[in-house]
file run.txt (compact mmCIF, N, CA and C atoms and all ligand atoms)
# COMPACT_ATOMS: atom_id res chain seq x y z
N MET H 263 18.79 16.79 -22.41
CA MET H 263 18.48 16.13 -21.13
C MET H 263 19.04 14.71 -21.15
N GLU H 264 19.63 14.32 -20.05
CA GLU H 264 20.13 12.94 -19.95
C GLU H 264 18.97 11.95 -19.97
N VAL H 265 19.26 10.74 -20.44
CA VAL H 265 18.24 9.70 -20.54
C VAL H 265 17.57 9.46 -19.19
N VAL H 266 18.37 9.35 -18.14
CA VAL H 266 17.80 9.04 -16.82
C VAL H 266 16.85 10.15 -16.36
N GLU H 267 17.17 11.39 -16.73
CA GLU H 267 16.30 12.51 -16.36
C GLU H 267 15.00 12.48 -17.15
N ARG H 268 15.11 12.09 -18.39
CA ARG H 268 13.91 11.99 -19.21
C ARG H 268 12.96 10.92 -18.66
N VAL H 269 13.53 9.79 -18.27
CA VAL H 269 12.73 8.70 -17.69
C VAL H 269 12.08 9.17 -16.38
N ALA H 270 12.87 9.84 -15.53
CA ALA H 270 12.34 10.33 -14.25
C ALA H 270 11.23 11.34 -14.48
N GLN H 271 11.43 12.22 -15.44
CA GLN H 271 10.41 13.24 -15.73
C GLN H 271 9.10 12.59 -16.18
N PHE H 272 9.22 11.55 -16.98
CA PHE H 272 8.02 10.85 -17.43
C PHE H 272 7.28 10.27 -16.21
N LEU H 273 8.01 9.62 -15.32
CA LEU H 273 7.37 9.02 -14.13
C LEU H 273 6.75 10.10 -13.24
N GLU H 274 7.43 11.22 -13.10
CA GLU H 274 6.90 12.31 -12.27
C GLU H 274 5.63 12.86 -12.87
N GLU H 275 5.63 13.06 -14.18
CA GLU H 275 4.45 13.63 -14.83
C GLU H 275 3.29 12.64 -14.84
N ALA H 276 3.61 11.35 -14.93
CA ALA H 276 2.54 10.34 -14.86
C ALA H 276 1.93 10.34 -13.45
N GLY H 277 2.74 10.69 -12.44
CA GLY H 277 2.24 10.79 -11.07
C GLY H 277 2.32 9.46 -10.33
N THR H 278 1.75 8.44 -10.93
CA THR H 278 1.78 7.10 -10.33
C THR H 278 2.37 6.14 -11.35
N TYR H 279 3.23 5.26 -10.87
CA TYR H 279 3.72 4.17 -11.73
C TYR H 279 3.46 2.87 -11.00
N TYR H 280 3.56 1.78 -11.70
CA TYR H 280 3.30 0.46 -11.12
C TYR H 280 4.59 -0.34 -11.12
N LEU H 281 4.95 -0.83 -9.95
CA LEU H 281 6.20 -1.55 -9.75
C LEU H 281 5.90 -3.03 -9.59
N ALA H 282 6.46 -3.83 -10.47
CA ALA H 282 6.29 -5.28 -10.40
C ALA H 282 7.55 -5.93 -9.86
N THR H 283 7.32 -6.88 -8.95
CA THR H 283 8.42 -7.70 -8.42
C THR H 283 8.01 -9.15 -8.65
N VAL H 284 8.92 -10.05 -8.29
CA VAL H 284 8.54 -11.45 -8.32
C VAL H 284 8.75 -12.07 -6.93
N GLU H 285 7.82 -12.95 -6.59
CA GLU H 285 7.92 -13.69 -5.33
C GLU H 285 7.76 -15.15 -5.71
N GLY H 286 8.88 -15.86 -5.77
CA GLY H 286 8.81 -17.22 -6.29
C GLY H 286 8.35 -17.16 -7.74
N ASP H 287 7.26 -17.86 -8.06
CA ASP H 287 6.76 -17.81 -9.43
C ASP H 287 5.55 -16.88 -9.56
N GLN H 288 5.34 -16.05 -8.52
CA GLN H 288 4.17 -15.18 -8.52
C GLN H 288 4.56 -13.72 -8.76
N PRO H 289 4.11 -13.08 -9.84
CA PRO H 289 4.32 -11.63 -10.00
C PRO H 289 3.54 -10.87 -8.92
N ARG H 290 4.12 -9.75 -8.45
CA ARG H 290 3.45 -8.86 -7.51
C ARG H 290 3.56 -7.45 -8.07
N VAL H 291 2.49 -6.70 -8.03
CA VAL H 291 2.53 -5.35 -8.59
C VAL H 291 1.74 -4.41 -7.68
N ARG H 292 2.21 -3.17 -7.59
CA ARG H 292 1.55 -2.18 -6.74
C ARG H 292 1.90 -0.77 -7.23
N PRO H 293 1.04 0.21 -6.85
CA PRO H 293 1.34 1.59 -7.25
C PRO H 293 2.47 2.17 -6.43
N PHE H 294 3.32 2.95 -7.08
CA PHE H 294 4.40 3.69 -6.44
C PHE H 294 4.40 5.11 -7.01
N GLY H 295 5.05 6.03 -6.29
CA GLY H 295 5.12 7.39 -6.78
C GLY H 295 6.45 8.08 -6.54
N THR H 296 7.32 7.46 -5.74
CA THR H 296 8.58 8.13 -5.41
C THR H 296 9.58 8.02 -6.56
N VAL H 297 10.21 9.16 -6.85
CA VAL H 297 11.21 9.25 -7.92
C VAL H 297 12.27 10.26 -7.48
N LEU H 298 13.51 9.91 -7.68
CA LEU H 298 14.60 10.87 -7.43
C LEU H 298 15.76 10.54 -8.36
N VAL H 299 16.35 11.58 -8.96
CA VAL H 299 17.61 11.37 -9.68
C VAL H 299 18.72 11.98 -8.83
N SER H 300 19.73 11.19 -8.55
CA SER H 300 20.88 11.69 -7.79
C SER H 300 22.13 10.98 -8.31
N GLY H 301 23.16 11.75 -8.57
CA GLY H 301 24.40 11.18 -9.09
C GLY H 301 24.19 10.41 -10.39
N GLY H 302 23.22 10.83 -11.18
CA GLY H 302 22.95 10.18 -12.47
C GLY H 302 22.20 8.87 -12.35
N LYS H 303 21.70 8.58 -11.13
CA LYS H 303 20.96 7.33 -10.93
C LYS H 303 19.49 7.61 -10.65
N LEU H 304 18.64 6.67 -11.07
CA LEU H 304 17.21 6.78 -10.81
C LEU H 304 16.87 5.98 -9.55
N TYR H 305 16.36 6.70 -8.55
CA TYR H 305 16.01 6.09 -7.26
C TYR H 305 14.51 6.02 -7.08
N ILE H 306 14.09 4.97 -6.34
CA ILE H 306 12.75 4.91 -5.81
C ILE H 306 12.88 4.65 -4.30
N GLN H 307 11.77 4.77 -3.60
CA GLN H 307 11.84 4.68 -2.13
C GLN H 307 10.79 3.70 -1.64
N THR H 308 11.15 2.94 -0.61
CA THR H 308 10.14 2.10 0.03
C THR H 308 10.48 1.93 1.51
N GLY H 309 9.74 1.05 2.16
CA GLY H 309 9.98 0.74 3.57
C GLY H 309 10.47 -0.70 3.69
N LYS H 310 11.50 -0.90 4.49
CA LYS H 310 12.09 -2.24 4.62
C LYS H 310 11.10 -3.26 5.18
N VAL H 311 10.08 -2.76 5.91
CA VAL H 311 9.11 -3.69 6.50
C VAL H 311 8.13 -4.25 5.46
N LYS H 312 8.09 -3.64 4.29
CA LYS H 312 7.07 -4.04 3.30
C LYS H 312 7.47 -5.31 2.55
N PRO H 313 6.49 -6.11 2.18
CA PRO H 313 6.78 -7.27 1.33
C PRO H 313 7.56 -6.90 0.08
N VAL H 314 7.25 -5.76 -0.53
CA VAL H 314 7.96 -5.36 -1.76
C VAL H 314 9.46 -5.29 -1.53
N SER H 315 9.87 -4.78 -0.37
CA SER H 315 11.30 -4.67 -0.05
C SER H 315 11.93 -6.06 0.10
N LYS H 316 11.20 -6.95 0.76
CA LYS H 316 11.71 -8.31 0.96
C LYS H 316 11.80 -9.06 -0.38
N GLN H 317 10.83 -8.80 -1.26
CA GLN H 317 10.87 -9.44 -2.58
C GLN H 317 12.09 -8.97 -3.38
N ILE H 318 12.38 -7.67 -3.30
CA ILE H 318 13.51 -7.12 -4.05
C ILE H 318 14.83 -7.63 -3.47
N ALA H 319 14.87 -7.80 -2.14
CA ALA H 319 16.09 -8.35 -1.52
C ALA H 319 16.35 -9.77 -2.02
N ALA H 320 15.29 -10.53 -2.20
CA ALA H 320 15.44 -11.92 -2.66
C ALA H 320 15.69 -12.01 -4.15
N ASN H 321 15.11 -11.07 -4.90
CA ASN H 321 15.28 -11.06 -6.36
C ASN H 321 15.16 -9.61 -6.84
N PRO H 322 16.30 -8.98 -7.15
CA PRO H 322 16.28 -7.55 -7.46
C PRO H 322 15.75 -7.18 -8.86
N LYS H 323 15.34 -8.18 -9.62
CA LYS H 323 14.78 -7.86 -10.95
C LYS H 323 13.36 -7.33 -10.81
N VAL H 324 13.13 -6.15 -11.37
CA VAL H 324 11.81 -5.53 -11.30
C VAL H 324 11.43 -4.95 -12.66
N GLU H 325 10.16 -4.61 -12.78
CA GLU H 325 9.71 -3.87 -13.95
C GLU H 325 8.73 -2.80 -13.48
N ILE H 326 8.80 -1.65 -14.13
CA ILE H 326 7.91 -0.52 -13.83
C ILE H 326 7.14 -0.19 -15.08
N SER H 327 5.89 0.17 -14.93
CA SER H 327 5.14 0.72 -16.06
C SER H 327 4.34 1.93 -15.60
N ALA H 328 4.21 2.90 -16.51
CA ALA H 328 3.38 4.09 -16.25
C ALA H 328 2.83 4.56 -17.59
N PHE H 329 1.76 5.34 -17.52
CA PHE H 329 1.08 5.82 -18.72
C PHE H 329 0.78 7.31 -18.58
N LYS H 330 1.03 8.05 -19.67
CA LYS H 330 0.76 9.49 -19.65
C LYS H 330 0.57 10.00 -21.07
N ASP H 331 -0.47 10.73 -21.33
CA ASP H 331 -0.69 11.42 -22.62
C ASP H 331 -0.49 10.50 -23.82
N GLY H 332 -1.06 9.33 -23.78
CA GLY H 332 -0.99 8.45 -24.95
C GLY H 332 0.30 7.66 -25.08
N THR H 333 1.24 7.88 -24.17
CA THR H 333 2.52 7.15 -24.21
C THR H 333 2.66 6.35 -22.92
N TRP H 334 3.18 5.14 -23.06
CA TRP H 334 3.48 4.37 -21.85
C TRP H 334 4.95 4.01 -21.83
N ILE H 335 5.43 3.80 -20.62
CA ILE H 335 6.84 3.45 -20.43
C ILE H 335 6.91 2.12 -19.69
N ARG H 336 7.92 1.39 -20.02
CA ARG H 336 8.23 0.16 -19.32
C ARG H 336 9.71 0.20 -18.99
N ILE H 337 10.04 0.02 -17.74
CA ILE H 337 11.45 0.04 -17.32
C ILE H 337 11.75 -1.32 -16.70
N ALA H 338 12.66 -2.02 -17.30
CA ALA H 338 13.06 -3.33 -16.78
C ALA H 338 14.49 -3.23 -16.30
N GLY H 339 14.75 -3.77 -15.12
CA GLY H 339 16.13 -3.70 -14.64
C GLY H 339 16.28 -4.33 -13.28
N GLU H 340 17.44 -4.04 -12.71
CA GLU H 340 17.77 -4.58 -11.39
C GLU H 340 17.99 -3.44 -10.43
N LEU H 341 17.41 -3.57 -9.25
CA LEU H 341 17.58 -2.54 -8.23
C LEU H 341 18.68 -2.93 -7.24
N ALA H 342 19.30 -1.90 -6.68
CA ALA H 342 20.27 -2.11 -5.60
C ALA H 342 19.97 -1.09 -4.52
N GLU H 343 20.26 -1.45 -3.27
CA GLU H 343 20.04 -0.52 -2.18
C GLU H 343 21.20 0.47 -2.08
N ASP H 344 20.87 1.72 -1.80
CA ASP H 344 21.88 2.72 -1.45
C ASP H 344 21.60 3.15 -0.02
N ASP H 345 22.49 2.80 0.88
CA ASP H 345 22.25 3.07 2.30
C ASP H 345 22.81 4.41 2.76
N SER H 346 23.14 5.30 1.81
CA SER H 346 23.71 6.58 2.25
C SER H 346 22.59 7.50 2.74
N ARG H 347 22.86 8.14 3.87
CA ARG H 347 21.86 9.01 4.49
C ARG H 347 21.49 10.17 3.58
N ASP H 348 22.49 10.72 2.88
CA ASP H 348 22.26 11.88 2.01
C ASP H 348 21.14 11.65 1.02
N VAL H 349 21.09 10.45 0.48
CA VAL H 349 20.10 10.19 -0.57
C VAL H 349 18.70 10.03 0.06
N ARG H 350 18.64 9.54 1.29
CA ARG H 350 17.34 9.48 1.99
C ARG H 350 16.85 10.91 2.29
N VAL H 351 17.77 11.75 2.74
CA VAL H 351 17.42 13.14 3.04
C VAL H 351 16.94 13.84 1.76
N ALA H 352 17.64 13.61 0.66
CA ALA H 352 17.26 14.25 -0.61
C ALA H 352 15.85 13.83 -1.03
N MET H 353 15.53 12.56 -0.82
CA MET H 353 14.18 12.07 -1.17
C MET H 353 13.12 12.73 -0.30
N LEU H 354 13.39 12.83 1.01
CA LEU H 354 12.43 13.45 1.94
C LEU H 354 12.24 14.93 1.62
N GLU H 355 13.31 15.60 1.17
CA GLU H 355 13.19 17.01 0.80
C GLU H 355 12.41 17.17 -0.49
N LYS H 356 12.60 16.23 -1.40
CA LYS H 356 11.89 16.34 -2.69
C LYS H 356 10.41 16.04 -2.53
N MET H 357 10.08 15.06 -1.70
CA MET H 357 8.69 14.68 -1.48
C MET H 357 8.37 14.78 0.01
N PRO H 358 8.11 16.01 0.49
CA PRO H 358 7.94 16.23 1.93
C PRO H 358 6.79 15.43 2.54
N SER H 359 5.82 15.02 1.73
CA SER H 359 4.70 14.24 2.29
C SER H 359 5.19 12.91 2.88
N LEU H 360 6.36 12.45 2.43
CA LEU H 360 6.93 11.21 2.97
C LEU H 360 7.29 11.35 4.45
N LYS H 361 7.52 12.60 4.88
CA LYS H 361 7.97 12.83 6.26
C LYS H 361 6.93 12.40 7.29
N GLY H 362 5.67 12.27 6.85
CA GLY H 362 4.64 11.76 7.74
C GLY H 362 4.80 10.27 8.05
N MET H 363 5.53 9.58 7.19
CA MET H 363 5.66 8.12 7.33
C MET H 363 7.10 7.66 7.60
N TYR H 364 8.07 8.47 7.16
CA TYR H 364 9.48 8.05 7.21
C TYR H 364 10.35 9.17 7.72
N SER H 365 11.50 8.79 8.23
CA SER H 365 12.56 9.77 8.47
C SER H 365 13.89 9.10 8.10
N ALA H 366 14.92 9.93 7.92
CA ALA H 366 16.20 9.44 7.39
C ALA H 366 16.85 8.39 8.28
N ASP H 367 16.52 8.44 9.59
CA ASP H 367 17.20 7.55 10.55
C ASP H 367 16.25 6.56 11.22
N ASP H 368 15.12 6.29 10.57
CA ASP H 368 14.13 5.41 11.22
C ASP H 368 14.43 3.92 11.05
N GLY H 369 15.48 3.61 10.29
CA GLY H 369 15.84 2.20 10.10
C GLY H 369 14.90 1.46 9.16
N ASN H 370 13.89 2.16 8.66
CA ASN H 370 12.90 1.54 7.77
C ASN H 370 13.00 2.10 6.35
N MET H 371 13.19 3.40 6.25
CA MET H 371 13.23 4.03 4.92
C MET H 371 14.36 3.44 4.07
N GLN H 372 14.01 3.05 2.88
CA GLN H 372 14.98 2.39 2.00
C GLN H 372 14.99 3.06 0.62
N MET H 373 16.20 3.37 0.16
CA MET H 373 16.37 3.93 -1.18
C MET H 373 16.98 2.86 -2.09
N LEU H 374 16.35 2.69 -3.23
CA LEU H 374 16.78 1.69 -4.21
C LEU H 374 17.02 2.39 -5.54
N TYR H 375 18.09 2.01 -6.24
CA TYR H 375 18.34 2.63 -7.54
C TYR H 375 18.52 1.54 -8.60
N PHE H 376 18.28 1.93 -9.83
CA PHE H 376 18.48 0.99 -10.93
C PHE H 376 19.98 0.88 -11.24
N LYS H 377 20.50 -0.32 -11.07
CA LYS H 377 21.91 -0.58 -11.41
C LYS H 377 22.08 -0.53 -12.91
N LYS H 378 21.11 -1.14 -13.61
CA LYS H 378 21.15 -1.20 -15.06
C LYS H 378 19.72 -1.37 -15.50
N ALA H 379 19.29 -0.52 -16.43
CA ALA H 379 17.89 -0.59 -16.82
C ALA H 379 17.71 -0.33 -18.30
N THR H 380 16.65 -0.91 -18.82
CA THR H 380 16.22 -0.65 -20.20
C THR H 380 14.83 -0.06 -20.12
N ALA H 381 14.65 1.11 -20.69
CA ALA H 381 13.34 1.75 -20.69
C ALA H 381 12.83 1.84 -22.13
N THR H 382 11.57 1.51 -22.30
CA THR H 382 10.96 1.62 -23.63
C THR H 382 9.75 2.55 -23.55
N PHE H 383 9.75 3.55 -24.41
CA PHE H 383 8.60 4.43 -24.56
C PHE H 383 7.78 3.92 -25.74
N SER H 384 6.48 3.70 -25.53
CA SER H 384 5.63 3.16 -26.59
C SER H 384 4.36 3.99 -26.72
N SER H 385 3.80 3.98 -27.93
CA SER H 385 2.48 4.56 -28.14
C SER H 385 1.84 3.83 -29.31
N PHE H 386 0.55 4.09 -29.53
CA PHE H 386 -0.12 3.45 -30.66
C PHE H 386 0.22 4.13 -31.98
N THR H 387 0.90 5.28 -31.92
CA THR H 387 1.11 6.08 -33.13
C THR H 387 2.56 6.15 -33.58
N ALA H 388 3.50 5.72 -32.75
CA ALA H 388 4.91 5.82 -33.14
C ALA H 388 5.63 4.52 -32.81
N ALA H 389 6.76 4.33 -33.44
CA ALA H 389 7.57 3.14 -33.15
C ALA H 389 8.11 3.23 -31.72
N PRO H 390 8.23 2.10 -31.03
CA PRO H 390 8.80 2.13 -29.69
C PRO H 390 10.23 2.66 -29.68
N GLU H 391 10.57 3.35 -28.63
CA GLU H 391 11.93 3.89 -28.48
C GLU H 391 12.54 3.31 -27.22
N THR H 392 13.69 2.68 -27.37
CA THR H 392 14.34 2.05 -26.22
C THR H 392 15.60 2.80 -25.83
N VAL H 393 15.73 3.05 -24.54
CA VAL H 393 16.92 3.72 -24.02
C VAL H 393 17.49 2.90 -22.86
N GLU H 394 18.77 3.05 -22.63
CA GLU H 394 19.42 2.33 -21.52
C GLU H 394 20.00 3.36 -20.56
N PHE H 395 19.96 3.04 -19.30
CA PHE H 395 20.62 3.95 -18.34
C PHE H 395 21.13 3.15 -17.16
C1 LIG W 1 -0.38 6.61 -5.57
C2 LIG W 1 0.43 5.73 -4.65
C3 LIG W 1 1.81 5.87 -4.60
C4 LIG W 1 2.57 5.07 -3.74
N1 LIG W 1 3.94 5.22 -3.73
C5 LIG W 1 4.69 4.41 -2.93
C6 LIG W 1 6.10 4.50 -2.96
O1 LIG W 1 6.70 5.28 -3.70
N2 LIG W 1 6.80 3.67 -2.15
C7 LIG W 1 6.18 2.75 -1.34
O2 LIG W 1 6.86 2.00 -0.62
N3 LIG W 1 4.83 2.64 -1.30
C8 LIG W 1 4.08 3.43 -2.08
N4 LIG W 1 2.72 3.32 -2.08
C9 LIG W 1 2.11 2.31 -1.20
C10 LIG W 1 2.27 0.90 -1.77
O3 LIG W 1 1.56 0.78 -2.98
C11 LIG W 1 1.75 -0.14 -0.75
O4 LIG W 1 2.41 0.00 0.48
C12 LIG W 1 1.88 -1.56 -1.27
O5 LIG W 1 1.07 -2.41 -0.50
C13 LIG W 1 3.35 -2.06 -1.24
O6 LIG W 1 3.44 -3.32 -1.83
P1 LIG W 1 3.60 -4.66 -0.94
O7 LIG W 1 2.33 -4.75 -0.12
O8 LIG W 1 3.73 -5.75 -1.92
O9 LIG W 1 4.79 -4.45 -0.09
C14 LIG W 1 1.93 4.12 -2.92
C15 LIG W 1 0.55 3.98 -2.97
C16 LIG W 1 -0.19 4.77 -3.82
C17 LIG W 1 -1.69 4.59 -3.84
call {"tool": "encode", "arguments": {"input": "run.txt", "output": "structure tokens", "more": "lines below"}}
Ligand SMILES: Cc1cc2nc3c(=O)[nH]c(=O)nc-3n(C[C@H](O)[C@H](O)[C@H](O)COP(=O)(O)O)c2cc1C
result
Amino acid sequence: MEVVERVAQFLEEAGTYYLATVEGDQPRVRPFGTVLVSGGKLYIQTGKVKPVSKQIAANPKVEISAFKDGTWIRIAGELAEDDSRDVRVAMLEKMPSLKGMYSADDGNMQMLYFKKATATFSSFTAAPETVEF
């Protein structure tokens, strides 16, 4: 399995992950759940109207953390927007519950992917493992 797929699978199995952004000197964190791998990239989804989207536009450095079965992951990297319709459609097909809030052409739905990321898998019982994607 490719590294990016392994990271995505971990986030999917955890169900919820926490996405941290920065706003000036203030960290901001909130639960997220959207995950998609397309073209070898890890995507997440948000709405352009949300503060989180505005924070990422101003400073694309983010960190994600999630926990599952005694292991936690931390993903640090930079996000970039992908404005292609295909990737919005793919996200809506993968997570149909999003269709209640978003559509591919609503001008709000935003797909963001990690341009470059470092992910670390950690547990209390094994040495941390770091991967790049
Ligand atoms: C379990 C769970 C998963 C969520 N997943 C997402 C998501 O993938 N994308 C998103 O934009 N909001 C998601 N939300 C909603 C955000 O957490 C919420 O809109 C938050 O306020 C956004 O941060 P902001 O207020 O700083 O913009 C999720 C909420 C929960 C409870």
call {"tool": "residues_around", "arguments": {"input": "run.txt", "residues": "Tyr375 in chain H", "least_positions_apart": "5", "cutoff": "9 Å", "atoms": "only C-alpha atoms", "output": "list of chain:residue names"}}
result
H:Lys303, H:Leu304, H:Tyr305, H:Ile306, H:Gln307, H:Glu340, H:Leu341, H:Ala342, H:Glu343, H:Asp344
call {"tool": "atom_distance", "arguments": {"input": "run.txt", "atom1": "atom C4 of ligand LIG 1 (chain W)", "atom2": "atom C of Ala328 in chain H"}}
result
13.9 Å
call {"tool": "closest_residue", "arguments": {"input": "run.txt", "among": "H:Val266, H:Val299, H:Pro313, H:Ser359", "to": "ligand LIG 1 (chain W)", "atoms": "all atoms listed in the file"}}
result
H:Pro313
call {"tool": "atom_distance", "arguments": {"input": "run.txt", "atom1": "CA of Ser300 in chain H", "atom2": "atom C11 of ligand LIG 1 (chain W)"}}
result
23.6 Å
call {"tool": "atom_distance", "arguments": {"input": "run.txt", "atom1": "atom C of Gly369 in chain H", "atom2": "atom N of Thr296 in chain H"}}
result
17.8 Å
call {"tool": "residues_near_ligand", "arguments": {"input": "run.txt", "ligand": "ligand LIG 1 (chain W)", "cutoff": "8 Å", "atoms": "all atoms listed in the file", "output": "list in words"}}
result
Gly277, Thr278, Tyr279, Leu281, Thr283, Arg290, Val291, Arg292, Pro293, Phe294, Gly295, Thr296, Val297, Ile306, Gln307, Thr308, Gly309, Lys310, Val311, Lys312, Pro313, Val314, Ser315, Lys316 and Gln317 of chain H
call {"tool": "closest_residue", "arguments": {"input": "run.txt", "among": "H:Gln288, H:Thr392, H:Thr380, H:Gln271", "to": "Ile337 in chain H", "atoms": "only C-alpha atoms"}}
result
H:Thr380
call {"tool": "residues_around", "arguments": {"input": "run.txt", "residues": "Ala379 in chain H", "least_positions_apart": "3", "cutoff": "8 Å", "atoms": "all atoms listed in the file", "output": "count of residues only"}}
result
9
call {"tool": "select_by_dssp", "arguments": {"input": "run.txt", "residues": "chain H", "states": "strand (DSSP E)", "output": "JSON, numbers by chain"}}
result
{"H": [279, 280, 281, 282, 283, 284, 285, 288, 289, 290, 291, 292, 293, 294, 298, 299, 300, 303, 304, 305, 306, 307, 308, 309, 323, 324, 325, 326, 327, 328, 329, 330, 333, 334, 335, 336, 337, 338, 339, 340, 341, 342, 343, 371, 372, 373, 374, 375, 376, 377, 378, 379, 380, 381, 382, 383, 384, 385, 391, 392, 393, 394]}
call {"tool": "axis_aligned_box", "arguments": {"input": "run.txt", "around": "range 321-334 of chain H", "padding_each_side": "5 Å", "output": "lines of an AutoDock Vina configuration file"}}
result
center_x = 7.6
center_y = 0.2
center_z = -15.0
size_x = 27.4
size_y = 32.5
size_z = 30.2
call {"tool": "closest_residue", "arguments": {"input": "run.txt", "among": "H:Met263, H:Ile335, H:Lys330, H:Leu298", "to": "Ala352 in chain H", "atoms": "all atoms listed in the file"}}
result
H:Leu298
call {"tool": "closest_residue", "arguments": {"input": "run.txt", "among": "H:Glu267, H:Glu285, H:Phe383, H:Glu391", "to": "Trp334 in chain H", "atoms": "only C-alpha atoms"}}
result
H:Phe383
call {"tool": "select_by_dssp", "arguments": {"input": "run.txt", "residues": "range 299-362 of chain H", "states": "helix (DSSP H, G or I)", "output": "list in words"}}
result
Pro313, Val314, Ser315, Lys316, Gln317, Ile318, Ala319, Ala320, Arg347, Asp348, Val349, Arg350, Val351, Ala352, Met353, Leu354, Glu355, Lys356, Pro358, Ser359, Leu360, Lys361 and Gly362 of chain H
